[in-house]
>>> print(open('work.txt').read())   # compact mmCIF, C-alpha atoms and all ligand atoms
# COMPACT_ATOMS: atom_id res chain seq x y z
CA MET W 68 -65.04 -21.12 144.92
CA VAL W 69 -64.83 -24.15 147.12
CA GLY W 70 -61.25 -23.15 147.89
CA CYS W 71 -62.37 -19.70 149.06
CA ARG W 72 -64.99 -21.20 151.33
CA ASN W 73 -62.46 -23.55 152.82
CA LYS W 74 -60.08 -20.69 153.41
CA ARG W 75 -62.53 -18.75 155.46
CA ARG W 76 -63.61 -21.73 157.53
CA SER W 77 -60.03 -22.70 158.33
CA CYS W 78 -59.10 -19.20 159.50
CA LYS W 79 -62.10 -19.19 161.77
CA ARG W 80 -61.31 -22.56 163.28
CA PHE W 81 -57.72 -21.70 164.03
CA ASN W 82 -58.30 -18.16 165.29
CA SER W 83 -58.50 -19.69 168.69
CA GLY W 84 -54.78 -19.86 169.18
CA VAL W 85 -53.17 -21.64 166.26
CA LEU W 86 -53.37 -19.52 163.12
CA SER W 87 -53.67 -15.78 162.81
CA ASN W 88 -56.33 -14.13 160.64
CA SER W 89 -53.74 -12.55 158.41
CA MET W 90 -52.64 -15.90 156.96
CA SER W 91 -53.69 -16.60 153.42
CA TYR W 92 -53.94 -20.04 151.87
CA SER W 93 -53.27 -18.72 148.39
CA LYS W 94 -49.55 -18.50 149.15
CA ASP W 95 -47.58 -21.40 147.88
CA LEU W 96 -45.99 -23.30 150.78
CA ASP W 97 -42.98 -24.20 148.60
CA TRP W 98 -42.18 -27.27 150.67
CA PRO W 99 -39.91 -29.88 149.07
CA LEU W 100 -39.13 -33.30 150.55
CA MET W 101 -35.73 -32.00 151.63
CA ARG W 102 -34.06 -28.60 151.62
CA ASN W 103 -30.46 -27.52 152.11
CA ASN W 104 -29.19 -30.87 153.26
CA ILE W 105 -25.76 -30.05 151.85
CA LEU W 106 -24.58 -26.55 152.75
CA THR W 107 -21.98 -24.17 151.42
CA SER W 108 -19.94 -25.00 154.50
CA ASP W 109 -19.84 -28.66 153.37
CA ALA W 110 -18.70 -27.58 149.90
CA ARG W 111 -16.05 -25.41 151.59
CA ALA W 112 -14.82 -28.40 153.59
CA VAL W 113 -14.43 -30.27 150.30
CA ALA W 114 -12.64 -27.31 148.68
CA ASP W 115 -10.27 -27.03 151.66
CA PHE W 116 -9.58 -30.74 151.39
CA LEU W 117 -8.86 -30.57 147.66
CA LEU W 118 -6.59 -27.50 147.79
CA PRO W 119 -3.81 -26.54 147.40
CA GLU W 120 -2.75 -30.01 146.25
CA VAL W 121 -5.13 -32.73 145.17
CA PRO W 122 -4.85 -35.45 147.85
CA ILE W 123 -5.69 -39.15 147.62
CA LEU W 124 -9.34 -39.30 146.58
CA THR W 125 -10.08 -43.01 146.73
CA GLN W 126 -10.91 -44.61 150.08
CA SER W 127 -8.25 -43.62 152.57
CA SER W 128 -7.74 -41.65 155.80
CA GLN W 129 -10.86 -39.46 155.53
CA VAL W 130 -13.04 -42.55 155.22
CA GLU W 131 -11.28 -44.06 158.20
CA ALA W 132 -11.74 -40.89 160.27
CA PHE W 133 -15.42 -40.66 159.33
CA GLU W 134 -15.93 -44.29 160.37
CA GLN W 135 -14.32 -43.68 163.74
CA GLU W 136 -16.27 -40.48 164.39
CA TRP W 137 -19.52 -42.22 163.38
CA SER W 138 -18.78 -45.16 165.70
CA ARG W 139 -18.22 -42.74 168.58
CA TRP W 140 -21.39 -40.79 167.81
CA LEU W 141 -23.49 -43.96 167.58
CA GLY W 142 -21.88 -45.91 170.40
CA VAL W 143 -20.50 -48.97 168.58
CA ASP W 144 -17.03 -50.43 168.15
CA PHE W 145 -16.85 -50.61 164.35
CA SER W 146 -18.27 -48.89 161.28
CA VAL W 147 -17.73 -49.54 157.58
CA PHE W 148 -18.49 -46.69 155.13
CA VAL W 149 -19.96 -47.74 151.77
CA ASN W 150 -21.42 -46.00 148.75
CA SER W 151 -25.12 -46.27 149.68
CA GLY W 152 -27.60 -47.57 152.21
CA SER W 153 -28.55 -50.28 149.71
CA SER W 154 -24.92 -51.40 149.61
CA ALA W 155 -24.97 -51.46 153.42
CA ASN W 156 -28.02 -53.78 153.24
CA LEU W 157 -26.32 -56.01 150.65
CA LEU W 158 -23.03 -56.36 152.54
CA THR W 159 -24.83 -56.97 155.82
CA ILE W 160 -26.88 -59.83 154.43
CA THR W 161 -23.89 -61.23 152.55
CA ALA W 162 -21.89 -61.24 155.80
CA LEU W 163 -24.81 -62.94 157.55
CA ARG W 164 -24.75 -65.68 154.89
CA GLU W 165 -20.98 -66.11 155.09
CA ILE W 166 -21.00 -66.53 158.85
CA TYR W 167 -24.41 -68.01 159.71
CA GLY W 168 -25.36 -69.86 156.49
CA LEU W 169 -28.60 -69.76 154.52
CA GLY W 170 -32.17 -69.99 155.83
CA GLU W 171 -35.06 -67.61 156.48
CA VAL W 172 -34.88 -63.92 157.27
CA ILE W 173 -37.89 -62.19 158.81
CA VAL W 174 -38.50 -58.88 157.03
CA PRO W 175 -41.06 -56.06 157.13
CA THR W 176 -43.74 -55.37 154.56
CA LEU W 177 -43.02 -51.64 154.90
CA THR W 178 -39.40 -50.89 154.07
CA TRP W 179 -37.13 -49.99 151.19
CA VAL W 180 -36.80 -52.47 148.32
CA SER W 181 -33.08 -53.04 148.99
CA ASP W 182 -33.80 -54.63 152.38
CA ILE W 183 -35.79 -57.39 150.75
CA ALA W 184 -33.74 -57.47 147.54
CA SER W 185 -30.55 -58.11 149.54
CA VAL W 186 -32.20 -61.04 151.32
CA ILE W 187 -33.36 -62.56 148.02
CA GLN W 188 -30.12 -61.83 146.16
CA CYS W 189 -28.09 -63.57 148.86
CA GLY W 190 -30.26 -66.70 148.63
CA PHE W 191 -32.30 -66.37 151.85
CA THR W 192 -36.06 -66.84 152.00
CA PRO W 193 -37.83 -63.65 153.12
CA VAL W 194 -40.62 -64.18 155.65
CA PHE W 195 -42.92 -61.18 155.88
CA VAL W 196 -44.76 -59.63 158.79
CA ASP W 197 -47.29 -56.82 158.95
CA ILE W 198 -46.61 -53.52 160.70
CA ASN W 199 -47.60 -51.97 163.99
CA ARG W 200 -49.74 -48.96 163.02
CA ARG W 201 -48.29 -46.77 165.81
CA THR W 202 -44.61 -47.27 164.93
CA LEU W 203 -44.87 -48.35 161.26
CA GLY W 204 -42.24 -50.94 162.21
CA MET W 205 -42.71 -54.69 162.26
CA ASP W 206 -45.45 -56.05 164.49
CA ALA W 207 -43.35 -57.58 167.28
CA HIS W 208 -45.94 -60.24 168.08
CA GLN W 209 -45.95 -61.47 164.47
CA VAL W 210 -42.15 -61.46 164.37
CA LEU W 211 -42.02 -63.84 167.31
CA GLU W 212 -44.73 -66.03 165.81
CA LYS W 213 -42.79 -66.45 162.58
CA ILE W 214 -39.50 -67.56 164.13
CA THR W 215 -38.66 -71.17 163.24
CA PRO W 216 -35.49 -73.29 163.52
CA ARG W 217 -34.69 -72.04 159.99
CA THR W 218 -34.67 -68.35 161.00
CA LYS W 219 -31.22 -66.81 160.53
CA ALA W 220 -32.11 -63.23 161.44
CA VAL W 221 -34.80 -60.64 161.98
CA PHE W 222 -34.05 -57.73 159.65
CA LEU W 223 -36.06 -54.90 161.12
CA THR W 224 -36.53 -51.38 159.72
CA HIS W 225 -37.05 -48.33 161.92
CA VAL W 226 -39.44 -46.55 159.58
CA LEU W 227 -39.25 -42.78 159.11
CA GLY W 228 -37.65 -42.06 162.46
CA TYR W 229 -39.89 -44.22 164.67
CA ASN W 230 -38.36 -46.81 166.99
CA ALA W 231 -39.59 -50.32 166.17
CA LEU W 232 -38.02 -52.11 169.15
CA ASP W 233 -39.56 -53.09 172.42
CA ALA W 234 -38.10 -54.80 175.49
CA LYS W 235 -40.06 -58.02 174.99
CA LEU W 236 -38.91 -58.43 171.39
CA LEU W 237 -35.27 -57.86 172.36
CA ALA W 238 -35.49 -60.29 175.28
CA GLU W 239 -37.17 -63.00 173.17
CA LEU W 240 -34.68 -62.69 170.32
CA LYS W 241 -31.85 -62.97 172.80
CA ALA W 242 -33.41 -65.99 174.52
CA ARG W 243 -34.02 -67.74 171.19
CA GLN W 244 -30.58 -66.71 169.88
CA VAL W 245 -31.98 -65.09 166.76
CA PRO W 246 -29.74 -62.26 165.52
CA LEU W 247 -31.35 -58.85 165.06
CA ILE W 248 -30.27 -56.63 162.17
CA GLU W 249 -31.44 -53.02 162.30
CA ASP W 250 -32.04 -50.87 159.25
CA VAL W 251 -31.69 -47.33 160.59
CA CYS W 252 -31.44 -45.67 157.16
CA GLU W 253 -34.49 -43.52 158.00
CA SER W 254 -33.86 -42.96 161.71
CA HIS W 255 -30.40 -41.54 162.49
CA GLY W 256 -30.29 -40.37 166.11
CA ALA W 257 -33.57 -41.99 167.20
CA THR W 258 -33.37 -43.87 170.49
CA PHE W 259 -34.88 -46.70 172.47
CA GLY W 260 -34.36 -46.13 176.18
CA ALA W 261 -30.96 -44.58 176.70
CA ARG W 262 -29.38 -45.96 173.52
CA LYS W 263 -29.39 -44.94 169.88
CA LEU W 264 -31.08 -47.21 167.37
CA GLY W 265 -28.41 -49.11 165.51
CA THR W 266 -26.68 -50.23 168.70
CA PHE W 267 -29.06 -53.10 169.50
CA GLY W 268 -28.54 -55.35 166.49
CA LEU W 269 -25.73 -57.66 165.48
CA MET W 270 -25.29 -55.24 162.58
CA SER W 271 -27.04 -52.01 161.66
CA ASN W 272 -27.35 -50.01 158.45
CA PHE W 273 -27.53 -46.27 157.75
CA SER W 274 -28.04 -44.29 154.53
CA PHE W 275 -26.65 -40.84 153.77
CA TYR W 276 -28.74 -40.27 150.66
CA TYR W 277 -29.63 -36.60 150.14
CA ALA W 278 -33.19 -36.91 151.49
CA HIS W 279 -32.13 -38.38 154.85
CA HIS W 280 -31.09 -36.86 158.21
CA MET W 281 -27.61 -36.15 156.91
CA SER W 282 -26.04 -36.62 153.53
CA THR W 283 -22.74 -37.54 151.93
CA ILE W 284 -24.55 -37.07 148.56
CA GLU W 285 -24.78 -40.87 148.35
CA GLY W 286 -23.44 -43.12 151.08
CA GLY W 287 -24.14 -45.70 153.74
CA MET W 288 -22.68 -47.14 156.94
CA ILE W 289 -22.67 -50.61 158.48
CA CYS W 290 -22.08 -50.80 162.21
CA THR W 291 -21.29 -53.70 164.53
CA ASN W 292 -19.55 -54.62 167.77
CA GLU W 293 -18.40 -57.99 166.42
CA PRO W 294 -14.74 -58.03 165.29
CA ARG W 295 -15.26 -61.01 162.97
CA LEU W 296 -18.16 -59.35 161.19
CA TYR W 297 -16.19 -56.12 160.93
CA GLU W 298 -13.32 -57.89 159.17
CA THR W 299 -15.75 -59.73 156.88
CA LEU W 300 -17.56 -56.50 155.97
CA ARG W 301 -14.29 -54.71 155.20
CA MET W 302 -13.27 -57.52 152.87
CA LEU W 303 -16.69 -57.76 151.21
CA ARG W 304 -16.61 -54.00 150.53
CA SER W 305 -13.45 -54.42 148.42
CA HIS W 306 -13.87 -57.48 146.21
CA GLY W 307 -13.59 -59.89 149.16
CA MET W 308 -9.85 -59.14 149.42
CA VAL W 309 -8.01 -60.40 152.50
CA ARG W 310 -5.65 -57.44 152.55
CA GLU W 311 -8.63 -55.23 153.53
CA SER W 312 -8.82 -56.99 156.88
CA LYS W 313 -7.32 -55.07 159.80
CA SER W 314 -6.50 -58.23 161.71
CA PRO W 315 -2.86 -59.35 161.23
CA ASP W 316 -3.81 -62.82 162.56
CA LEU W 317 -6.63 -63.25 160.09
CA ARG W 318 -4.45 -62.10 157.18
CA GLN W 319 -1.65 -64.39 158.28
CA SER W 320 -3.96 -67.39 158.47
CA TYR W 321 -4.96 -66.85 154.82
CA PHE W 322 -1.33 -66.37 153.74
CA GLU W 323 -0.34 -69.64 155.41
CA LYS W 324 -3.28 -71.57 154.01
CA HIS W 325 -2.69 -70.31 150.48
CA PRO W 326 1.06 -70.18 149.87
CA ASP W 327 0.45 -70.42 146.11
CA LEU W 328 -1.32 -67.03 146.11
CA ASN W 329 0.10 -63.53 145.98
CA PRO W 330 -0.84 -62.13 149.45
CA ASP W 331 -2.05 -58.92 147.76
CA PHE W 332 -4.62 -60.87 145.78
CA ILE W 333 -6.35 -63.36 148.01
CA PHE W 334 -10.11 -63.25 147.57
CA ALA W 335 -11.78 -64.75 150.63
CA PHE W 336 -15.35 -64.18 149.42
CA PRO W 337 -17.08 -63.44 146.14
CA GLY W 338 -17.23 -59.76 147.18
CA TYR W 339 -18.25 -56.43 145.67
CA ASN W 340 -16.78 -53.03 145.12
CA VAL W 341 -19.05 -50.74 147.12
CA ARG W 342 -16.38 -48.38 148.43
CA SER W 343 -17.04 -44.68 148.69
CA THR W 344 -14.51 -41.87 148.24
CA GLU W 345 -12.59 -39.42 150.41
CA ILE W 346 -14.77 -36.55 149.16
CA ASN W 347 -17.96 -38.20 150.44
CA ALA W 348 -16.27 -38.85 153.79
CA VAL W 349 -15.18 -35.20 154.09
CA ILE W 350 -18.82 -34.16 153.61
CA GLY W 351 -19.93 -36.76 156.15
CA ARG W 352 -17.50 -35.50 158.76
CA ALA W 353 -18.67 -31.92 158.27
CA GLN W 354 -22.32 -32.99 158.43
CA LEU W 355 -21.95 -35.12 161.55
CA LYS W 356 -20.99 -31.99 163.54
CA ARG W 357 -24.49 -30.55 163.14
CA LEU W 358 -26.57 -33.74 163.08
CA ASP W 359 -27.72 -33.60 166.71
CA GLN W 360 -28.77 -29.96 166.50
CA ASN W 361 -30.67 -30.60 163.25
CA ASN W 362 -32.35 -33.61 164.76
CA ARG W 363 -33.59 -31.58 167.73
CA SER W 364 -35.31 -29.17 165.34
CA ARG W 365 -36.82 -32.04 163.37
CA THR W 366 -38.23 -33.61 166.54
CA GLU W 367 -39.89 -30.33 167.54
CA ASN W 368 -41.32 -29.99 164.03
CA LEU W 369 -42.86 -33.45 164.09
CA ARG W 370 -44.46 -32.92 167.46
CA LEU W 371 -45.96 -29.62 166.31
CA PHE W 372 -47.32 -31.31 163.19
CA LEU W 373 -48.92 -34.22 165.04
CA GLU W 374 -50.28 -32.00 167.83
CA ASN W 375 -52.11 -29.81 165.33
CA LEU W 376 -53.59 -32.44 163.04
CA ASP W 377 -57.24 -33.35 163.47
CA PRO W 378 -57.20 -36.80 165.13
CA GLU W 379 -60.67 -37.54 163.73
CA LYS W 380 -59.22 -37.48 160.23
CA TYR W 381 -55.55 -38.34 160.63
CA GLN W 382 -53.56 -40.69 162.78
CA THR W 383 -51.80 -38.70 165.50
CA ASP W 384 -50.99 -41.44 168.00
CA PHE W 385 -47.59 -42.49 166.63
CA VAL W 386 -45.14 -43.56 169.30
CA VAL W 387 -42.96 -40.46 169.26
CA GLU W 388 -40.82 -41.28 172.29
CA GLY W 389 -37.22 -41.39 171.09
CA SER W 390 -38.26 -40.71 167.50
CA CYS W 391 -36.20 -38.63 165.14
CA ASN W 392 -37.86 -38.08 161.76
CA TYR W 393 -36.75 -36.45 158.52
CA ALA W 394 -40.33 -36.76 157.33
CA PHE W 395 -43.81 -36.17 158.68
CA THR W 396 -46.07 -39.18 158.54
CA LEU W 397 -49.59 -38.37 157.40
CA VAL W 398 -51.89 -41.39 157.60
CA LEU W 399 -55.65 -41.15 157.24
CA GLN W 400 -57.60 -42.57 160.19
CA HIS W 401 -60.06 -44.36 157.93
CA PRO W 402 -59.94 -45.72 154.41
CA ASP W 403 -61.48 -42.65 152.80
CA PRO W 404 -60.74 -42.26 149.06
CA LEU W 405 -62.36 -38.83 148.84
CA LEU W 406 -60.33 -37.40 151.73
CA CYS W 407 -57.25 -39.04 150.26
CA ASP W 408 -57.80 -37.35 146.89
CA ASN W 409 -58.46 -34.04 148.58
CA VAL W 410 -55.25 -34.37 150.62
CA MET W 411 -53.20 -34.95 147.48
CA LYS W 412 -54.90 -32.13 145.59
CA ALA W 413 -54.38 -29.70 148.45
CA MET W 414 -50.72 -30.59 148.88
CA ARG W 415 -50.07 -30.20 145.16
CA GLN W 416 -51.96 -26.91 145.10
CA HIS W 417 -49.92 -25.53 147.98
CA GLY W 418 -46.59 -26.80 146.70
CA VAL W 419 -46.06 -29.49 149.33
CA GLU W 420 -44.07 -32.39 147.92
CA PHE W 421 -45.12 -35.78 149.26
CA ARG W 422 -44.71 -39.51 148.76
CA ARG W 423 -47.74 -41.76 148.85
CA GLY W 424 -47.40 -45.09 150.67
CA THR W 425 -44.71 -43.63 153.00
CA SER W 426 -41.46 -45.58 153.22
CA GLY W 427 -40.60 -47.45 150.02
CA GLY W 428 -44.03 -46.86 148.47
CA GLY W 429 -46.11 -48.95 150.87
CA ASN W 430 -46.92 -52.66 150.87
CA GLN W 431 -43.89 -54.37 149.28
CA LEU W 432 -46.01 -57.44 148.52
CA ARG W 433 -47.91 -55.43 145.93
CA GLN W 434 -44.67 -54.91 143.98
CA PRO W 435 -44.07 -56.88 140.77
CA TYR W 436 -40.71 -58.21 141.95
CA LEU W 437 -42.46 -60.06 144.81
CA LYS W 438 -45.72 -60.90 143.05
CA LYS W 439 -43.65 -62.87 140.56
CA THR W 440 -42.64 -65.39 143.22
CA LEU W 441 -45.26 -65.01 145.94
CA GLY W 442 -48.36 -64.59 143.80
CA GLU W 443 -50.88 -61.86 143.05
CA LYS W 444 -52.84 -62.11 146.29
CA GLU W 445 -50.16 -62.38 148.98
CA PHE W 446 -50.36 -58.66 149.80
CA ALA W 447 -53.89 -59.08 151.19
CA LYS W 448 -52.54 -60.97 154.22
CA TYR W 449 -51.09 -57.71 155.56
CA PRO W 450 -53.98 -55.29 156.09
CA VAL W 451 -52.23 -52.77 158.34
CA VAL W 452 -49.51 -51.95 155.83
CA ASP W 453 -52.10 -52.04 153.07
CA HIS W 454 -53.95 -49.14 154.71
CA VAL W 455 -50.71 -47.12 154.76
CA HIS W 456 -50.11 -48.14 151.13
CA PHE W 457 -53.24 -46.29 150.00
CA TYR W 458 -53.87 -43.76 152.75
CA GLY W 459 -50.42 -42.90 154.06
CA PHE W 460 -47.99 -40.19 152.97
CA TYR W 461 -44.75 -38.67 154.01
CA ILE W 462 -43.86 -35.02 153.79
CA GLY W 463 -40.42 -33.44 154.20
CA ASN W 464 -39.21 -32.39 157.67
CA TYR W 465 -36.02 -30.34 157.58
CA PRO W 466 -34.49 -28.28 160.36
CA GLU W 467 -35.33 -24.84 158.99
CA LEU W 468 -38.98 -25.65 158.28
CA GLU W 469 -40.95 -22.70 159.65
CA ARG W 470 -43.44 -23.19 162.46
CA GLU W 471 -46.00 -21.09 160.58
CA LYS W 472 -45.78 -23.35 157.56
CA ILE W 473 -46.40 -26.43 159.67
CA LEU W 474 -49.43 -24.85 161.32
CA LYS W 475 -50.74 -23.66 157.99
CA LEU W 476 -50.46 -27.11 156.44
CA CYS W 477 -52.25 -28.65 159.43
CA ALA W 478 -55.05 -26.10 159.04
CA ILE W 479 -55.37 -26.89 155.33
CA LEU W 480 -55.43 -30.63 155.96
CA ASN W 481 -57.89 -30.35 158.85
CA ASP W 482 -60.24 -28.39 156.69
CA LEU W 483 -60.50 -31.02 153.97
CA SER W 484 -63.61 -33.13 153.73
CA GLY W 485 -64.08 -36.80 152.94
CA GLU W 486 -66.73 -39.44 152.46
CA GLU W 487 -68.67 -38.55 155.61
CA SER W 488 -69.42 -35.04 154.43
CA ARG W 489 -70.42 -36.38 150.98
CA ARG W 490 -72.92 -38.68 152.67
CA GLY W 491 -74.16 -35.71 154.66
CA LEU W 492 -73.07 -37.09 158.05
C1 LIG F 1 -35.13 -48.19 155.11
C2 LIG F 1 -34.15 -47.97 153.99
N1 LIG F 1 -33.20 -48.87 153.77
C3 LIG F 1 -32.30 -48.72 152.78
C4 LIG F 1 -32.33 -47.63 151.94
C5 LIG F 1 -31.34 -47.51 150.84
O1 LIG F 1 -30.52 -46.40 151.01
P1 LIG F 1 -29.83 -45.70 149.74
O2 LIG F 1 -30.87 -44.87 149.08
O3 LIG F 1 -28.74 -44.89 150.34
O4 LIG F 1 -29.34 -46.78 148.86
C6 LIG F 1 -33.32 -46.66 152.11
C7 LIG F 1 -33.38 -45.52 151.21
O5 LIG F 1 -34.11 -44.62 151.24
C8 LIG F 1 -34.26 -46.83 153.16
O6 LIG F 1 -35.22 -45.95 153.36
>>> encode(input="work.txt", output="structure tokens", more="lines below")
Ligand SMILES: Cc1ncc(COP(=O)(O)O)c(C=O)c1O
Amino acid sequence: MVGCRNKRRSCKRFNSGVLSNSMSYSKDLDWPLMRNNILTSDARAVADFLLPEVPILTQSSQVEAFEQEWSRWLGVDFSVFVNSGSSANLLTITALREIYGLGEVIVPTLTWVSDIASVIQCGFTPVFVDINRRTLGMDAHQVLEKITPRTKAVFLTHVLGYNALDAKLLAELKARQVPLIEDVCESHGATFGARKLGTFGLMSNFSFYYAHHMSTIEGGMICTNEPRLYETLRMLRSHGMVRESKSPDLRQSYFEKHPDLNPDFIFAFPGYNVRSTEINAVIGRAQLKRLDQNNRSRTENLRLFLENLDPEKYQTDFVVEGSCNYAFTLVLQHPDPLLCDNVMKAMRQHGVEFRRGTSGGGNQLRQPYLKKTLGEKEFAKYPVVDHVHFYGFYIGNYPELEREKILKLCAILNDLSGEESRRGL
């Protein structure tokens, strides 16, 4: 019965321009986190590639072409295609260690586990900072406060399509000669000023997992303008082998230094095998052609969502300039467990898939893998991310998402009550 009452109230509220009377809340919204991110046309591109004669399938010319097209699209000199965004993180931090040596890396509390895992696995000490509530990215002021002579890099994540950079942060990092690494796995196509995110850092990482802006099924990209890093990353991707380097001079220097070794099998680093395949690259090339158009639709969707949410209940003041989101961010204005429960119930009831805690499940310092070394209470030092941990969600945002669905979800969410109504306020 409560549901029926809510239905009527919502229709009334949104008659004035947003929702029409004829809309019913009983209809399932059928809204997954991602829909149709790999199309029949992508499958056709793969079929065309495979027929009539099966070509080379391991890393070869399609991977190379995808890397070049991606570099052009992004605006960088070099890209290295790998089998996941996590592998991109791992290779990036390994390359940092090989070239800059060990020390501290400043990392966010809201990010994917592989960003922090790569730092730990490579032997660096992660130094955490809280987030800026309006960008969900690292709090720039705290980043600058935590820089010490031991800092080897700031490894920043652009969370769910929002730009986390600002001019002061970039200027300070440059002045203090602290390398910036950008994780853009959740923000393909987002910009800061006139440039795409992923072009500001010494290296940047992208993921092409199915749920992201574009997909190669699984896949990732590392981008840089530094030739030495490019060569290192290429070698690290394939067992640390020198023959993977594109630089004849670099290869020659290894050959001359190691005359006892077969030039085909010189391992410069303890590397990995995180190569992808030609098939994934064919899908990536097909997908890249429609990325910009898809991103325009996503940006319109997000703005519609935020414009129609009730700002008394939900945060609507995200910094959307330059943003490009594959997910809507839904964060409660206040720590309100009743509203939070009602939000989850309503989304389940209407078939809206969601993830609580937003990116990576919220406050990383609450995770067992970090509690083990940093203690049970460390998470409490980061209150802004802790709010998002309990009262933040993300919801899918894909190009074909209907305007009516977005408005309907906003109406449902706006109609939910929380602690204030229980207390009769
Ligand atoms: C910020 C961020 N970094 C890295 C990754 C890892 O990417 P992948 O899932 O392709 O390994 C993700 C995955 O969702 C992510 O969101």
>>> closest_residue(input="work.txt", among="W:Tyr167, W:Phe195, W:Phe148, W:Phe421", to="Arg301 in chain W", atoms="all atoms listed in the file")
W:Phe148
>>> atom_distance(input="work.txt", atom1="atom O1 of ligand LIG 1 (chain F)", atom2="CA of Val251 in chain W")
9.7 Å
>>> residues_near_ligand(input="work.txt", ligand="ligand LIG 1 (chain F)", cutoff="9 Å", atoms="only C-alpha atoms and all ligand atoms", output="PyMOL selection string")
chain W and resi 150-156+177-182+224-227+250-254+272-279+285-287+426-427
>>> closest_residue(input="work.txt", among="W:Glu345, W:Glu311, W:Glu471, W:Glu443", to="Leu124 in chain W", atoms="only C-alpha atoms")
W:Glu345
>>> closest_residue(input="work.txt", among="W:Leu141, W:Leu157, W:Val113, W:Val398", to="Asp359 in chain W", atoms="all atoms listed in the file")
W:Leu141
>>> atom_distance(input="work.txt", atom1="CA of Thr396 in chain W", atom2="CA of Val172 in chain W")
27.2 Å
>>> residues_near_point(input="work.txt", point="(-46.5, -43.1, 146.9)", cutoff="9 Å", atoms="all atoms listed in the file", output="PyMOL selection string")
chain W and resi 421-429+456-457+459-461
>>> atom_distance(input="work.txt", atom1="CA of Ile289 in chain W", atom2="CA of Arg433 in chain W")
28.6 Å
>>> residues_around(input="work.txt", residues="Phe446 in chain W", least_positions_apart="3", cutoff="10 Å", atoms="all atoms listed in the file", output="compact mmCIF listing (two decimals) with C-alpha atoms, in the coordinates of the input")
# COMPACT_ATOMS: atom_id res chain seq x y z
CA THR W 176 -43.74 -55.37 154.56
CA PHE W 195 -42.92 -61.18 155.88
CA ASP W 197 -47.29 -56.82 158.95
CA ASN W 430 -46.92 -52.66 150.87
CA GLN W 431 -43.89 -54.37 149.28
CA LEU W 432 -46.01 -57.44 148.52
CA ARG W 433 -47.91 -55.43 145.93
CA GLN W 434 -44.67 -54.91 143.98
CA LEU W 437 -42.46 -60.06 144.81
CA LYS W 438 -45.72 -60.90 143.05
CA LEU W 441 -45.26 -65.01 145.94
CA GLY W 442 -48.36 -64.59 143.80
CA GLU W 443 -50.88 -61.86 143.05
CA TYR W 449 -51.09 -57.71 155.56
CA PRO W 450 -53.98 -55.29 156.09
CA VAL W 452 -49.51 -51.95 155.83
CA ASP W 453 -52.10 -52.04 153.07
